[in-house]
>>> print(open('coords37.cif').read())   # mmCIF, C-alpha atoms
data_data
loop_
_atom_site.label_atom_id
_atom_site.label_comp_id
_atom_site.auth_asym_id
_atom_site.auth_seq_id
_atom_site.Cartn_x
_atom_site.Cartn_y
_atom_site.Cartn_z
CA MET A 1 -13.88 6.66 4.10
CA LYS A 2 -11.71 8.05 1.35
CA LEU A 3 -8.11 6.89 0.88
CA TYR A 4 -5.62 9.01 -1.04
CA THR A 5 -3.35 6.40 -2.52
CA TYR A 6 -0.89 5.50 -5.28
CA PHE A 7 -0.56 1.93 -6.43
CA ARG A 8 3.20 1.79 -5.82
CA SER A 9 3.30 3.74 -2.53
CA SER A 10 4.32 1.19 0.08
CA ALA A 11 2.94 3.37 2.90
CA ALA A 12 -0.46 3.44 1.16
CA TYR A 13 -0.14 -0.31 0.55
CA ARG A 14 0.14 -0.86 4.34
CA VAL A 15 -3.15 0.97 4.91
CA ARG A 16 -4.87 -0.84 2.02
CA ILE A 17 -4.01 -4.18 3.66
CA ALA A 18 -5.45 -2.98 6.99
CA LEU A 19 -8.67 -1.87 5.29
CA ALA A 20 -8.95 -5.18 3.44
CA LEU A 21 -8.25 -7.33 6.53
CA LYS A 22 -10.95 -5.47 8.42
CA GLY A 23 -13.36 -5.68 5.50
CA LEU A 24 -13.85 -1.92 5.33
CA ASP A 25 -15.18 -0.26 2.20
CA TYR A 26 -13.51 2.93 1.03
CA GLU A 27 -13.22 5.17 -1.97
CA ALA A 28 -9.73 5.14 -3.50
CA VAL A 29 -8.56 8.55 -4.73
CA PRO A 30 -5.40 8.08 -6.82
CA VAL A 31 -2.65 10.67 -6.36
CA HIS A 32 0.05 10.14 -8.98
CA LEU A 33 3.45 10.51 -7.32
CA VAL A 34 5.36 11.02 -10.58
CA ARG A 35 3.09 12.58 -13.22
CA GLY A 36 3.40 16.35 -13.63
CA GLY A 37 6.15 16.55 -11.00
CA GLY A 38 3.95 14.72 -8.50
CA GLU A 39 0.28 15.37 -7.80
CA GLN A 40 1.01 15.17 -4.07
CA HIS A 41 2.63 18.63 -4.32
CA GLN A 42 -0.44 20.31 -5.80
CA PRO A 43 -2.16 22.87 -3.56
CA GLU A 44 -5.40 20.85 -3.39
CA TYR A 45 -3.60 17.86 -1.92
CA ARG A 46 -1.25 19.94 0.28
CA ALA A 47 -4.35 21.53 1.80
CA LEU A 48 -5.44 18.06 2.90
CA ASN A 49 -2.01 16.79 3.88
CA PRO A 50 0.64 19.48 4.47
CA ALA A 51 3.38 16.84 4.26
CA GLY A 52 2.62 16.22 0.58
CA LEU A 53 3.00 12.51 1.23
CA LEU A 54 0.78 9.48 0.83
CA PRO A 55 -1.40 8.07 2.20
CA ALA A 56 -4.12 10.21 3.76
CA LEU A 57 -7.45 8.90 4.98
CA GLU A 58 -10.61 10.93 5.36
CA ALA A 59 -12.44 9.39 8.29
CA GLY A 60 -14.51 10.63 11.22
CA GLY A 61 -14.69 14.11 9.66
CA GLN A 62 -10.90 14.51 9.74
CA VAL A 63 -7.99 13.91 7.40
CA LEU A 64 -5.62 11.41 8.97
CA THR A 65 -2.00 11.16 7.85
CA GLN A 66 0.98 8.89 8.50
CA SER A 67 0.31 5.25 7.66
CA LEU A 68 1.04 3.75 11.09
CA ALA A 69 -1.14 6.36 12.83
CA ILE A 70 -3.94 5.58 10.36
CA ILE A 71 -3.64 1.83 10.96
CA GLU A 72 -3.69 2.31 14.76
CA TYR A 73 -6.85 4.42 14.29
CA LEU A 74 -8.49 1.71 12.17
CA ASP A 75 -7.51 -0.89 14.75
CA GLU A 76 -8.99 1.15 17.60
CA THR A 77 -12.24 1.88 15.77
CA HIS A 78 -12.63 -1.54 14.10
CA PRO A 79 -10.97 -3.97 16.51
CA GLU A 80 -11.56 -7.18 14.55
CA PRO A 81 -9.33 -8.80 13.50
CA PRO A 82 -6.79 -7.15 15.85
CA LEU A 83 -3.61 -5.89 14.22
CA LEU A 84 -1.96 -5.34 17.62
CA PRO A 85 -3.07 -8.43 19.55
CA GLY A 86 -1.87 -9.76 22.89
CA SER A 87 -0.23 -8.03 25.84
CA ALA A 88 1.59 -4.71 26.09
CA LEU A 89 4.85 -6.64 25.55
CA ASP A 90 3.42 -8.29 22.44
CA ARG A 91 2.36 -4.92 21.07
CA ALA A 92 5.81 -3.47 21.86
CA ARG A 93 7.42 -6.16 19.72
CA ILE A 94 4.92 -5.78 16.88
CA ARG A 95 5.35 -2.00 16.84
CA ALA A 96 9.16 -2.28 17.01
CA ILE A 97 9.27 -4.54 13.94
CA ALA A 98 6.87 -2.21 12.10
CA GLN A 99 8.90 0.86 13.07
CA THR A 100 12.19 -0.75 12.08
CA ILE A 101 10.74 -0.73 8.56
CA ALA A 102 8.78 2.53 8.78
CA CYS A 103 11.52 4.54 10.53
CA GLU A 104 14.79 2.92 9.43
CA VAL A 105 14.25 1.60 5.91
CA HIS A 106 11.40 3.28 4.06
CA PRO A 107 12.19 6.97 4.84
CA LEU A 108 15.65 6.62 3.34
CA ASN A 109 14.46 5.14 0.09
CA ASN A 110 11.30 6.95 -0.82
CA LEU A 111 10.93 9.00 -3.96
CA ARG A 112 11.75 12.43 -2.54
CA VAL A 113 15.03 11.18 -1.04
CA LEU A 114 16.09 9.42 -4.25
CA LYS A 115 15.29 12.63 -6.12
CA TYR A 116 17.45 14.69 -3.74
CA LEU A 117 20.33 12.25 -4.24
CA SER A 118 20.24 12.35 -8.04
CA GLY A 119 19.24 16.03 -8.27
CA THR A 120 20.85 18.16 -5.58
CA LEU A 121 23.74 15.79 -4.81
CA ALA A 122 24.27 14.67 -8.44
CA VAL A 123 24.71 11.06 -7.34
CA ASP A 124 24.85 8.69 -10.33
CA GLU A 125 22.48 5.76 -10.90
CA ALA A 126 24.89 3.12 -9.60
CA ALA A 127 25.55 5.00 -6.35
CA LYS A 128 21.83 5.64 -5.92
CA LYS A 129 21.10 1.96 -6.35
CA ALA A 130 23.86 1.11 -3.85
CA TRP A 131 22.28 3.56 -1.35
CA TYR A 132 18.92 1.86 -1.82
CA HIS A 133 20.37 -1.62 -1.36
CA HIS A 134 22.41 -0.53 1.64
CA TRP A 135 19.45 0.69 3.69
CA VAL A 136 17.06 -2.05 2.62
CA GLY A 137 19.75 -4.64 3.26
CA SER A 138 20.73 -3.42 6.72
CA GLY A 139 17.13 -2.72 7.77
CA LEU A 140 15.75 -6.06 6.64
CA ALA A 141 18.78 -7.85 8.15
CA THR A 142 17.74 -6.31 11.48
CA VAL A 143 14.16 -7.48 10.96
CA GLU A 144 15.40 -10.99 10.10
CA ARG A 145 17.37 -11.08 13.37
CA LEU A 146 14.35 -9.84 15.32
CA LEU A 147 12.24 -12.63 13.78
CA ALA A 148 14.53 -15.65 13.46
CA GLY A 149 14.80 -17.77 16.57
CA ASP A 150 12.28 -15.75 18.57
CA PRO A 151 9.56 -18.11 19.79
CA ARG A 152 6.96 -15.37 19.34
CA THR A 153 7.47 -15.49 15.57
CA GLY A 154 4.87 -17.76 13.99
CA THR A 155 3.35 -18.10 10.55
CA PHE A 156 3.55 -14.32 10.58
CA CYS A 157 5.93 -11.84 12.28
CA HIS A 158 4.19 -12.20 15.63
CA GLY A 159 2.06 -15.29 16.07
CA ASP A 160 -0.19 -16.93 13.51
CA THR A 161 -2.28 -13.99 12.39
CA PRO A 162 -1.10 -10.95 10.44
CA THR A 163 -0.26 -7.89 12.55
CA LEU A 164 0.92 -4.33 11.98
CA ALA A 165 4.42 -5.78 11.51
CA ASP A 166 3.36 -7.86 8.50
CA LEU A 167 1.50 -4.87 7.05
CA CYS A 168 4.86 -3.07 6.93
CA LEU A 169 7.00 -6.06 5.95
CA ALA A 170 5.13 -7.27 2.85
CA PRO A 171 5.11 -3.87 1.06
CA GLN A 172 8.79 -3.30 1.93
CA VAL A 173 9.72 -6.68 0.47
CA PHE A 174 7.63 -5.92 -2.61
CA ASN A 175 9.75 -2.78 -3.09
CA ALA A 176 12.98 -4.60 -2.34
CA ARG A 177 12.24 -7.11 -5.09
CA ARG A 178 11.35 -4.38 -7.54
CA PHE A 179 14.82 -2.89 -6.96
CA ASP A 180 16.57 -6.30 -7.18
CA CYS A 181 17.65 -6.47 -3.53
CA ASP A 182 19.16 -9.80 -2.50
CA LEU A 183 16.95 -11.45 0.13
CA SER A 184 18.64 -14.85 0.06
CA ALA A 185 20.05 -14.39 3.59
CA MET A 186 16.56 -13.68 4.96
CA PRO A 187 14.69 -16.98 5.03
CA THR A 188 12.32 -16.01 7.85
CA ILE A 189 11.24 -12.83 6.07
CA THR A 190 10.82 -14.70 2.79
CA ARG A 191 8.70 -17.39 4.44
CA ILE A 192 6.48 -14.85 6.24
CA VAL A 193 5.95 -12.71 3.18
CA ALA A 194 4.93 -15.80 1.19
CA ALA A 195 2.30 -16.50 3.89
CA CYS A 196 1.10 -12.88 3.63
CA GLU A 197 0.92 -12.98 -0.14
CA ALA A 198 -1.34 -16.03 0.02
CA LEU A 199 -4.00 -14.05 1.92
CA GLU A 200 -6.86 -12.47 0.00
CA ALA A 201 -6.49 -9.13 1.85
CA PHE A 202 -2.84 -8.78 0.82
CA ILE A 203 -3.70 -9.74 -2.77
CA GLN A 204 -6.53 -7.19 -2.95
CA ALA A 205 -4.26 -4.48 -1.55
CA SER A 206 -1.31 -5.23 -3.83
CA PRO A 207 -0.11 -2.64 -6.35
CA ALA A 208 -1.16 -4.70 -9.39
CA ARG A 209 -4.76 -4.81 -8.19
CA GLN A 210 -5.19 -1.06 -7.78
CA PRO A 211 -7.37 0.96 -10.16
CA ASP A 212 -4.42 3.26 -10.89
CA ALA A 213 -1.95 0.43 -11.61
CA GLU A 214 0.12 0.95 -14.75
CA MET B 1 14.06 -1.01 34.10
CA LYS B 2 17.33 -0.38 32.29
CA LEU B 3 17.59 2.22 29.53
CA TYR B 4 20.41 2.05 26.99
CA THR B 5 20.94 5.68 26.15
CA TYR B 6 23.30 8.36 24.88
CA PHE B 7 22.93 11.93 26.04
CA ARG B 8 22.65 13.34 22.52
CA SER B 9 20.44 10.63 20.98
CA SER B 10 17.13 12.32 20.31
CA ALA B 11 15.32 8.98 20.16
CA ALA B 12 16.63 8.13 23.65
CA TYR B 13 15.70 11.65 24.76
CA ARG B 14 12.05 10.97 23.81
CA VAL B 15 11.98 7.89 26.04
CA ARG B 16 13.73 9.71 28.90
CA ILE B 17 10.98 12.34 28.86
CA ALA B 18 8.29 9.63 28.99
CA LEU B 19 10.00 7.95 31.94
CA ALA B 20 10.33 11.29 33.74
CA LEU B 21 6.71 12.36 33.10
CA LYS B 22 5.51 9.04 34.49
CA GLY B 23 7.87 9.24 37.45
CA LEU B 24 9.50 5.90 36.66
CA ASP B 25 12.90 5.00 38.06
CA TYR B 26 15.39 3.36 35.74
CA GLU B 27 19.06 2.57 35.43
CA ALA B 28 20.74 4.52 32.64
CA VAL B 29 23.34 2.49 30.70
CA PRO B 30 25.34 4.86 28.48
CA VAL B 31 26.21 3.62 24.99
CA HIS B 32 28.61 6.04 23.33
CA LEU B 33 27.57 6.53 19.70
CA VAL B 34 30.89 7.96 18.56
CA ARG B 35 33.73 6.61 20.71
CA GLY B 36 35.64 3.67 19.25
CA GLY B 37 33.56 3.71 16.07
CA GLY B 38 30.36 3.54 18.11
CA GLU B 39 29.67 1.27 21.07
CA GLN B 40 26.24 0.49 19.56
CA HIS B 41 28.00 -1.71 16.99
CA GLN B 42 29.77 -3.88 19.58
CA PRO B 43 28.59 -7.52 19.75
CA GLU B 44 27.33 -7.16 23.34
CA TYR B 45 24.97 -4.38 22.36
CA ARG B 46 23.99 -5.95 19.01
CA ALA B 47 22.98 -9.07 20.93
CA LEU B 48 20.49 -6.91 22.85
CA ASN B 49 19.39 -4.78 19.92
CA PRO B 50 20.17 -6.20 16.46
CA ALA B 51 19.54 -2.79 14.88
CA GLY B 52 22.59 -1.33 16.66
CA LEU B 53 20.53 1.77 17.41
CA LEU B 54 19.48 3.58 20.56
CA PRO B 55 17.46 3.46 22.70
CA ALA B 56 16.66 0.02 24.08
CA LEU B 57 14.73 -0.62 27.28
CA GLU B 58 14.93 -3.74 29.39
CA ALA B 59 11.47 -4.16 30.88
CA GLY B 60 9.10 -7.03 31.64
CA GLY B 61 11.90 -9.55 31.01
CA GLN B 62 12.34 -8.38 27.42
CA VAL B 63 14.49 -5.92 25.51
CA LEU B 64 12.26 -3.35 23.82
CA THR B 65 13.49 -1.30 20.87
CA GLN B 66 12.24 1.61 18.75
CA SER B 67 11.50 4.71 20.79
CA LEU B 68 7.84 5.13 19.82
CA ALA B 69 7.10 1.46 20.51
CA ILE B 70 8.80 1.82 23.91
CA ILE B 71 6.76 4.92 24.76
CA GLU B 72 3.50 3.22 23.75
CA TYR B 73 4.48 0.31 26.04
CA LEU B 74 5.19 2.66 28.94
CA ASP B 75 1.89 4.41 28.31
CA GLU B 76 -0.03 1.12 28.29
CA THR B 77 1.64 -0.21 31.44
CA HIS B 78 1.76 3.11 33.35
CA PRO B 79 -1.27 5.04 32.07
CA GLU B 80 -0.81 8.20 34.16
CA PRO B 81 -0.32 10.83 32.92
CA PRO B 82 -1.58 9.67 29.50
CA LEU B 83 0.69 10.41 26.56
CA LEU B 84 -2.03 9.46 24.06
CA PRO B 85 -5.14 11.01 25.66
CA GLY B 86 -8.60 11.49 24.24
CA SER B 87 -10.44 9.68 21.45
CA ALA B 88 -9.19 7.50 18.61
CA LEU B 89 -9.18 10.63 16.41
CA ASP B 90 -7.12 12.50 19.02
CA ARG B 91 -4.62 9.68 19.17
CA ALA B 92 -4.46 9.56 15.35
CA ARG B 93 -3.45 13.23 15.30
CA ILE B 94 -0.92 12.85 18.12
CA ARG B 95 0.67 9.82 16.46
CA ALA B 96 0.73 11.53 13.05
CA ILE B 97 2.64 14.52 14.44
CA ALA B 98 5.04 12.21 16.27
CA GLN B 99 5.57 10.08 13.17
CA THR B 100 6.13 13.09 10.94
CA ILE B 101 9.20 13.68 13.09
CA ALA B 102 10.14 10.05 13.73
CA CYS B 103 9.60 8.84 10.14
CA GLU B 104 10.23 11.90 7.96
CA VAL B 105 12.87 13.99 9.73
CA HIS B 106 14.97 12.04 12.19
CA PRO B 107 15.81 8.95 10.04
CA LEU B 108 17.36 11.15 7.37
CA ASN B 109 19.61 13.02 9.74
CA ASN B 110 20.91 10.53 12.21
CA LEU B 111 24.55 9.70 12.61
CA ARG B 112 24.72 6.62 10.37
CA VAL B 113 23.14 8.49 7.44
CA LEU B 114 25.44 11.50 7.82
CA LYS B 115 28.37 9.07 7.91
CA TYR B 116 27.22 7.39 4.69
CA LEU B 117 26.95 10.79 3.00
CA SER B 118 30.42 11.94 3.95
CA GLY B 119 32.03 8.49 3.69
CA THR B 120 30.57 6.41 0.85
CA LEU B 121 29.19 9.33 -1.17
CA ALA B 122 32.09 11.73 -0.41
CA VAL B 123 29.66 14.59 0.14
CA ASP B 124 31.45 17.69 1.49
CA GLU B 125 30.59 19.43 4.78
CA ALA B 126 28.55 22.21 3.17
CA ALA B 127 26.39 19.78 1.17
CA LYS B 128 25.94 17.58 4.24
CA LYS B 129 24.78 20.58 6.26
CA ALA B 130 22.41 21.56 3.43
CA TRP B 131 20.99 18.01 3.46
CA TYR B 132 20.42 18.25 7.22
CA HIS B 133 18.75 21.65 6.95
CA HIS B 134 16.62 20.55 4.00
CA TRP B 135 14.99 17.61 5.81
CA VAL B 136 14.65 19.36 9.17
CA GLY B 137 13.26 22.43 7.44
CA SER B 138 10.69 20.61 5.32
CA GLY B 139 9.70 18.22 8.11
CA LEU B 140 9.26 20.89 10.76
CA ALA B 141 7.43 23.12 8.25
CA THR B 142 4.91 20.27 7.90
CA VAL B 143 4.61 20.01 11.67
CA GLU B 144 4.10 23.79 11.92
CA ARG B 145 1.24 23.55 9.39
CA LEU B 146 -0.30 20.62 11.27
CA LEU B 147 -0.20 22.67 14.49
CA ALA B 148 -0.94 26.27 13.49
CA GLY B 149 -4.59 27.12 13.21
CA ASP B 150 -5.83 23.72 14.37
CA PRO B 151 -8.13 24.24 17.37
CA ARG B 152 -6.84 21.02 18.91
CA THR B 153 -3.41 22.58 19.38
CA GLY B 154 -3.11 24.01 22.88
CA THR B 155 -0.25 24.84 25.20
CA PHE B 156 1.27 21.70 23.74
CA CYS B 157 0.92 19.96 20.35
CA HIS B 158 -2.44 18.46 21.26
CA GLY B 159 -4.25 20.09 24.13
CA ASP B 160 -2.78 21.43 27.32
CA THR B 161 -0.76 18.47 28.53
CA PRO B 162 2.33 17.00 26.87
CA THR B 163 1.73 14.01 24.59
CA LEU B 164 3.78 11.67 22.45
CA ALA B 165 3.93 14.45 19.85
CA ASP B 166 5.75 16.81 22.24
CA LEU B 167 8.10 14.01 23.27
CA CYS B 168 9.24 13.87 19.62
CA LEU B 169 9.12 17.60 18.91
CA ALA B 170 11.29 18.92 21.74
CA PRO B 171 14.29 16.63 21.04
CA GLN B 172 14.04 17.32 17.30
CA VAL B 173 14.10 21.07 17.93
CA PHE B 174 17.03 20.62 20.31
CA ASN B 175 18.92 18.95 17.44
CA ALA B 176 17.78 21.57 14.92
CA ARG B 177 19.22 24.34 17.09
CA ARG B 178 22.47 22.45 17.57
CA PHE B 179 22.84 22.39 13.77
CA ASP B 180 21.83 26.08 13.37
CA CYS B 181 18.54 25.44 11.59
CA ASP B 182 16.39 28.53 11.08
CA LEU B 183 13.14 28.16 13.04
CA SER B 184 11.97 31.76 12.64
CA ALA B 185 9.07 30.73 10.36
CA MET B 186 7.80 28.27 12.99
CA PRO B 187 6.24 30.30 15.78
CA THR B 188 3.86 27.57 16.95
CA ILE B 189 6.64 25.03 17.27
CA THR B 190 8.85 27.55 19.07
CA ARG B 191 6.08 28.45 21.53
CA ILE B 192 5.26 24.79 22.27
CA VAL B 193 8.87 23.77 22.75
CA ALA B 194 9.34 26.67 25.19
CA ALA B 195 6.38 25.30 27.18
CA CYS B 196 7.95 21.82 27.12
CA GLU B 197 11.34 23.11 28.23
CA ALA B 198 9.76 24.74 31.28
CA LEU B 199 8.58 21.35 32.59
CA GLU B 200 10.72 19.51 35.12
CA ALA B 201 10.42 16.18 33.21
CA PHE B 202 11.82 17.69 30.01
CA ILE B 203 14.62 19.37 31.98
CA GLN B 204 15.57 16.12 33.75
CA ALA B 205 15.57 14.25 30.42
CA SER B 206 17.61 16.85 28.53
CA PRO B 207 21.06 15.97 27.16
CA ALA B 208 22.90 18.33 29.52
CA ARG B 209 21.45 16.57 32.57
CA GLN B 210 22.54 13.07 31.59
CA PRO B 211 25.32 11.25 33.47
CA ASP B 212 27.20 10.74 30.17
CA ALA B 213 26.92 14.39 29.05
CA GLU B 214 30.15 15.82 27.71
#
>>> encode(input="coords37.cif", output="structure tokens")
Amino acid sequence: MKLYTYFRSSAAYRVRIALALKGLDYEAVPVHLVRGGGEQHQPEYRALNPAGLLPALEAGGQVLTQSLAIIEYLDETHPEPPLLPGSALDRARIRAIAQTIACEVHPLNNLRVLKYLSGTLAVDEAAKKAWYHHWVGSGLATVERLLAGDPRTGTFCHGDTPTLADLCLAPQVFNARRFDCDLSAMPTITRIVAACEALEAFIQASPARQPDAE
Amino acid sequence: MKLYTYFRSSAAYRVRIALALKGLDYEAVPVHLVRGGGEQHQPEYRALNPAGLLPALEAGGQVLTQSLAIIEYLDETHPEPPLLPGSALDRARIRAIAQTIACEVHPLNNLRVLKYLSGTLAVDEAAKKAWYHHWVGSGLATVERLLAGDPRTGTFCHGDTPTLADLCLAPQVFNARRFDCDLSAMPTITRIVAACEALEAFIQASPARQPDAE
């Protein structure tokens, strides 16, 4: 398998954790999101992934896109350890936590949106930072409420093994810290991410450990 | 089952189509997204869904949130007709198309984001409309490229029966038309959505047919 990745892409980071947890070997192909206006916009990459976004995974003779779709594919084809364990209701909760991050937080704060704000809308740095903090803050506050006090929350977001939810949460919190977001009102998230960050798979997948890290 | 819904919410619309395709009865509980500052922000609804977003589904003694997670749950518990048919690679493609809409288009253009633009950032109507058109245009252009020329595309996004991808595409196109987006460069999307709109389940689930339609 070949993973198109960038060390700081939190969507690629999710997939790297899945690959590491499942012990799957892959070739990492770095796509620099900033250099030269962004290598993801070059025709060679657009031919692979028309969205011009990371990650993409070559597997089974196809190019797979969208991080959550890729992780579900990896989980279906390499079931151990399961990233969506339990019953249909368990999976519904795991996917809802993951999607709260992947659909409500991350899309608003990725590079292309921040560029549109400062470019087309001429928003200044302070207002751009406030935008970032607003959506991370409200999205993670929702996740905290979904986690805190729910008996299904364990060492990790859902039970005592990492699931798809944790694969989204840890990279989002990594980003939040990089942009100085205040997480002091989110003790459950902070505790769970600390548990994630102690696992070898999360360490291996982290931005600092990538061959393209700067 | 009880579905918290609003006739114009495209995320709720996705779930309504799934329920209709599977022939499942449910009680519709309207939550007005605009009236009184938005009923989704009231404490009663926030207690059910901390995100303050639609839809939410009461099922199996739990409150499920996030439309794609809800649809996956319905598909696991009521497998016929399948909304994620085929192999793991088929499902990866279906989910990727769905997520291109649910993660790259819809989150940027929903009500709370448009409010932030015009409120906090004091963006004028023309710039707000340009923002909307930009993200719908680029997102649907990606979907068009994923669909056109791929032999797996059939009457619908993936094969000849509607899947999770169509459940996301038809509501997004409904919204795009409401905001006068130009879809003339998207013949595959236009053809597929016409096929969707001819199906009784899509008609039943459409905004105009909802009890809270205005």
>>> closest_residue(input="coords37.cif", among="B:Ile71, B:Leu84, B:Val113, B:Leu169", to="Ala96 in chain A", atoms="all atoms listed in the file")
B:Ile71
>>> residues_around(input="coords37.cif", residues="Glu144 in chain A", least_positions_apart="6", cutoff="8 Å", atoms="only C-alpha atoms", output="mmCIF file with C-alpha atoms, in the frame of the given file")
data_model
loop_
_atom_site.group_PDB
_atom_site.id
_atom_site.type_symbol
_atom_site.label_atom_id
_atom_site.label_comp_id
_atom_site.auth_asym_id
_atom_site.auth_seq_id
_atom_site.Cartn_x
_atom_site.Cartn_y
_atom_site.Cartn_z
ATOM 1 C CA MET A 186 16.560 -13.680 4.960
ATOM 2 C CA PRO A 187 14.690 -16.980 5.030
ATOM 3 C CA THR A 188 12.320 -16.010 7.850
ATOM 4 C CA ILE A 189 11.240 -12.830 6.070
#
>>> resolve_selection(input="coords37.cif", expression="the PyMOL selection byres ((chain B) within 6 of (chain A))", output="MDAnalysis selection string")
chainID B and resid 50:51 65:66 69 73 88 92 95:96 103 142
>>> write_last_selection(input="coords37.cif", atoms="C-alpha atoms", output="PDB file, keeping the file's coordinate frame")
ATOM      1  CA  PRO B  50      20.170  -6.200  16.460  1.00  0.00           C
ATOM      2  CA  ALA B  51      19.540  -2.790  14.880  1.00  0.00           C
ATOM      3  CA  THR B  65      13.490  -1.300  20.870  1.00  0.00           C
ATOM      4  CA  GLN B  66      12.240   1.610  18.750  1.00  0.00           C
ATOM      5  CA  ALA B  69       7.100   1.460  20.510  1.00  0.00           C
ATOM      6  CA  TYR B  73       4.480   0.310  26.040  1.00  0.00           C
ATOM      7  CA  ALA B  88      -9.190   7.500  18.610  1.00  0.00           C
ATOM      8  CA  ALA B  92      -4.460   9.560  15.350  1.00  0.00           C
ATOM      9  CA  ARG B  95       0.670   9.820  16.460  1.00  0.00           C
ATOM     10  CA  ALA B  96       0.730  11.530  13.050  1.00  0.00           C
ATOM     11  CA  CYS B 103       9.600   8.840  10.140  1.00  0.00           C
ATOM     12  CA  THR B 142       4.910  20.270   7.900  1.00  0.00           C
TER      13      THR B 142
END
>>> atom_distance(input="coords37.cif", atom1="CA of Arg14 in chain A", atom2="CA of Leu83 in chain A")
11.7 Å
>>> atom_distance(input="coords37.cif", atom1="CA of Leu19 in chain B", atom2="CA of Thr153 in chain B")
23.5 Å
>>> atom_distance(input="coords37.cif", atom1="CA of Asn110 in chain B", atom2="CA of Cys157 in chain B")
23.6 Å
>>> residues_around(input="coords37.cif", residues="Ile17 in chain A", least_positions_apart="3", cutoff="9 Å", atoms="all atoms listed in the file", output="ChimeraX atom specification")
/A:12-14,20-22,167,201-206
>>> closest_residue(input="coords37.cif", among="A:Leu54, A:Tyr6, A:Gly23, A:Ser184", to="Arg35 in chain A", atoms="only C-alpha atoms")
A:Tyr6
>>> residues_around(input="coords37.cif", residues="Leu3 in chain B", least_positions_apart="4", cutoff="9 Å", atoms="only C-alpha atoms", output="list in words")
Ala12, Val15, Arg16, Tyr26, Glu27, Ala28, Val29, Pro30, Pro55, Ala56, Leu57, Glu58 and Ala59 of chain B
>>> write_last_selection(input="coords37.cif", atoms="C-alpha atoms", output="short mmCIF file (atom, residue, chain, number, x, y, z; two decimals), in the coordinates of the input")
data_model
loop_
_atom_site.label_atom_id
_atom_site.label_comp_id
_atom_site.auth_asym_id
_atom_site.auth_seq_id
_atom_site.Cartn_x
_atom_site.Cartn_y
_atom_site.Cartn_z
CA ALA B 12 16.63 8.13 23.65
CA VAL B 15 11.98 7.89 26.04
CA ARG B 16 13.73 9.71 28.90
CA TYR B 26 15.39 3.36 35.74
CA GLU B 27 19.06 2.57 35.43
CA ALA B 28 20.74 4.52 32.64
CA VAL B 29 23.34 2.49 30.70
CA PRO B 30 25.34 4.86 28.48
CA PRO B 55 17.46 3.46 22.70
CA ALA B 56 16.66 0.02 24.08
CA LEU B 57 14.73 -0.62 27.28
CA GLU B 58 14.93 -3.74 29.39
CA ALA B 59 11.47 -4.16 30.88
#
>>> closest_residue(input="coords37.cif", among="B:Arg152, B:Asp212, B:Glu200, B:Val193", to="His32 in chain B", atoms="all atoms listed in the file")
B:Asp212
>>> decode(input="coords37.cif", residues="range 68-79 of chain A", atoms="C-alpha atoms", output="PDB file, in the first residue's frame")
ATOM      1  CA  LEU A  68     -12.735   7.952   7.388  1.00  0.00           C
ATOM      2  CA  ALA A  69     -13.608   5.927   4.276  1.00  0.00           C
ATOM      3  CA  ILE A  70     -10.006   4.694   4.132  1.00  0.00           C
ATOM      4  CA  ILE A  71     -10.037   3.691   7.803  1.00  0.00           C
ATOM      5  CA  GLU A  72     -13.358   1.827   7.401  1.00  0.00           C
ATOM      6  CA  TYR A  73     -11.778   0.002   4.428  1.00  0.00           C
ATOM      7  CA  LEU A  74      -8.714  -0.940   6.478  1.00  0.00           C
ATOM      8  CA  ASP A  75     -10.965  -2.108   9.293  1.00  0.00           C
ATOM      9  CA  GLU A  76     -13.044  -4.272   6.955  1.00  0.00           C
ATOM     10  CA  THR A  77     -10.026  -5.821   5.244  1.00  0.00           C
ATOM     11  CA  HIS A  78      -7.827  -6.151   8.361  1.00  0.00           C
ATOM     12  CA  PRO A  79     -10.292  -6.629  11.212  1.00  0.00           C
TER      13      PRO A  79
END
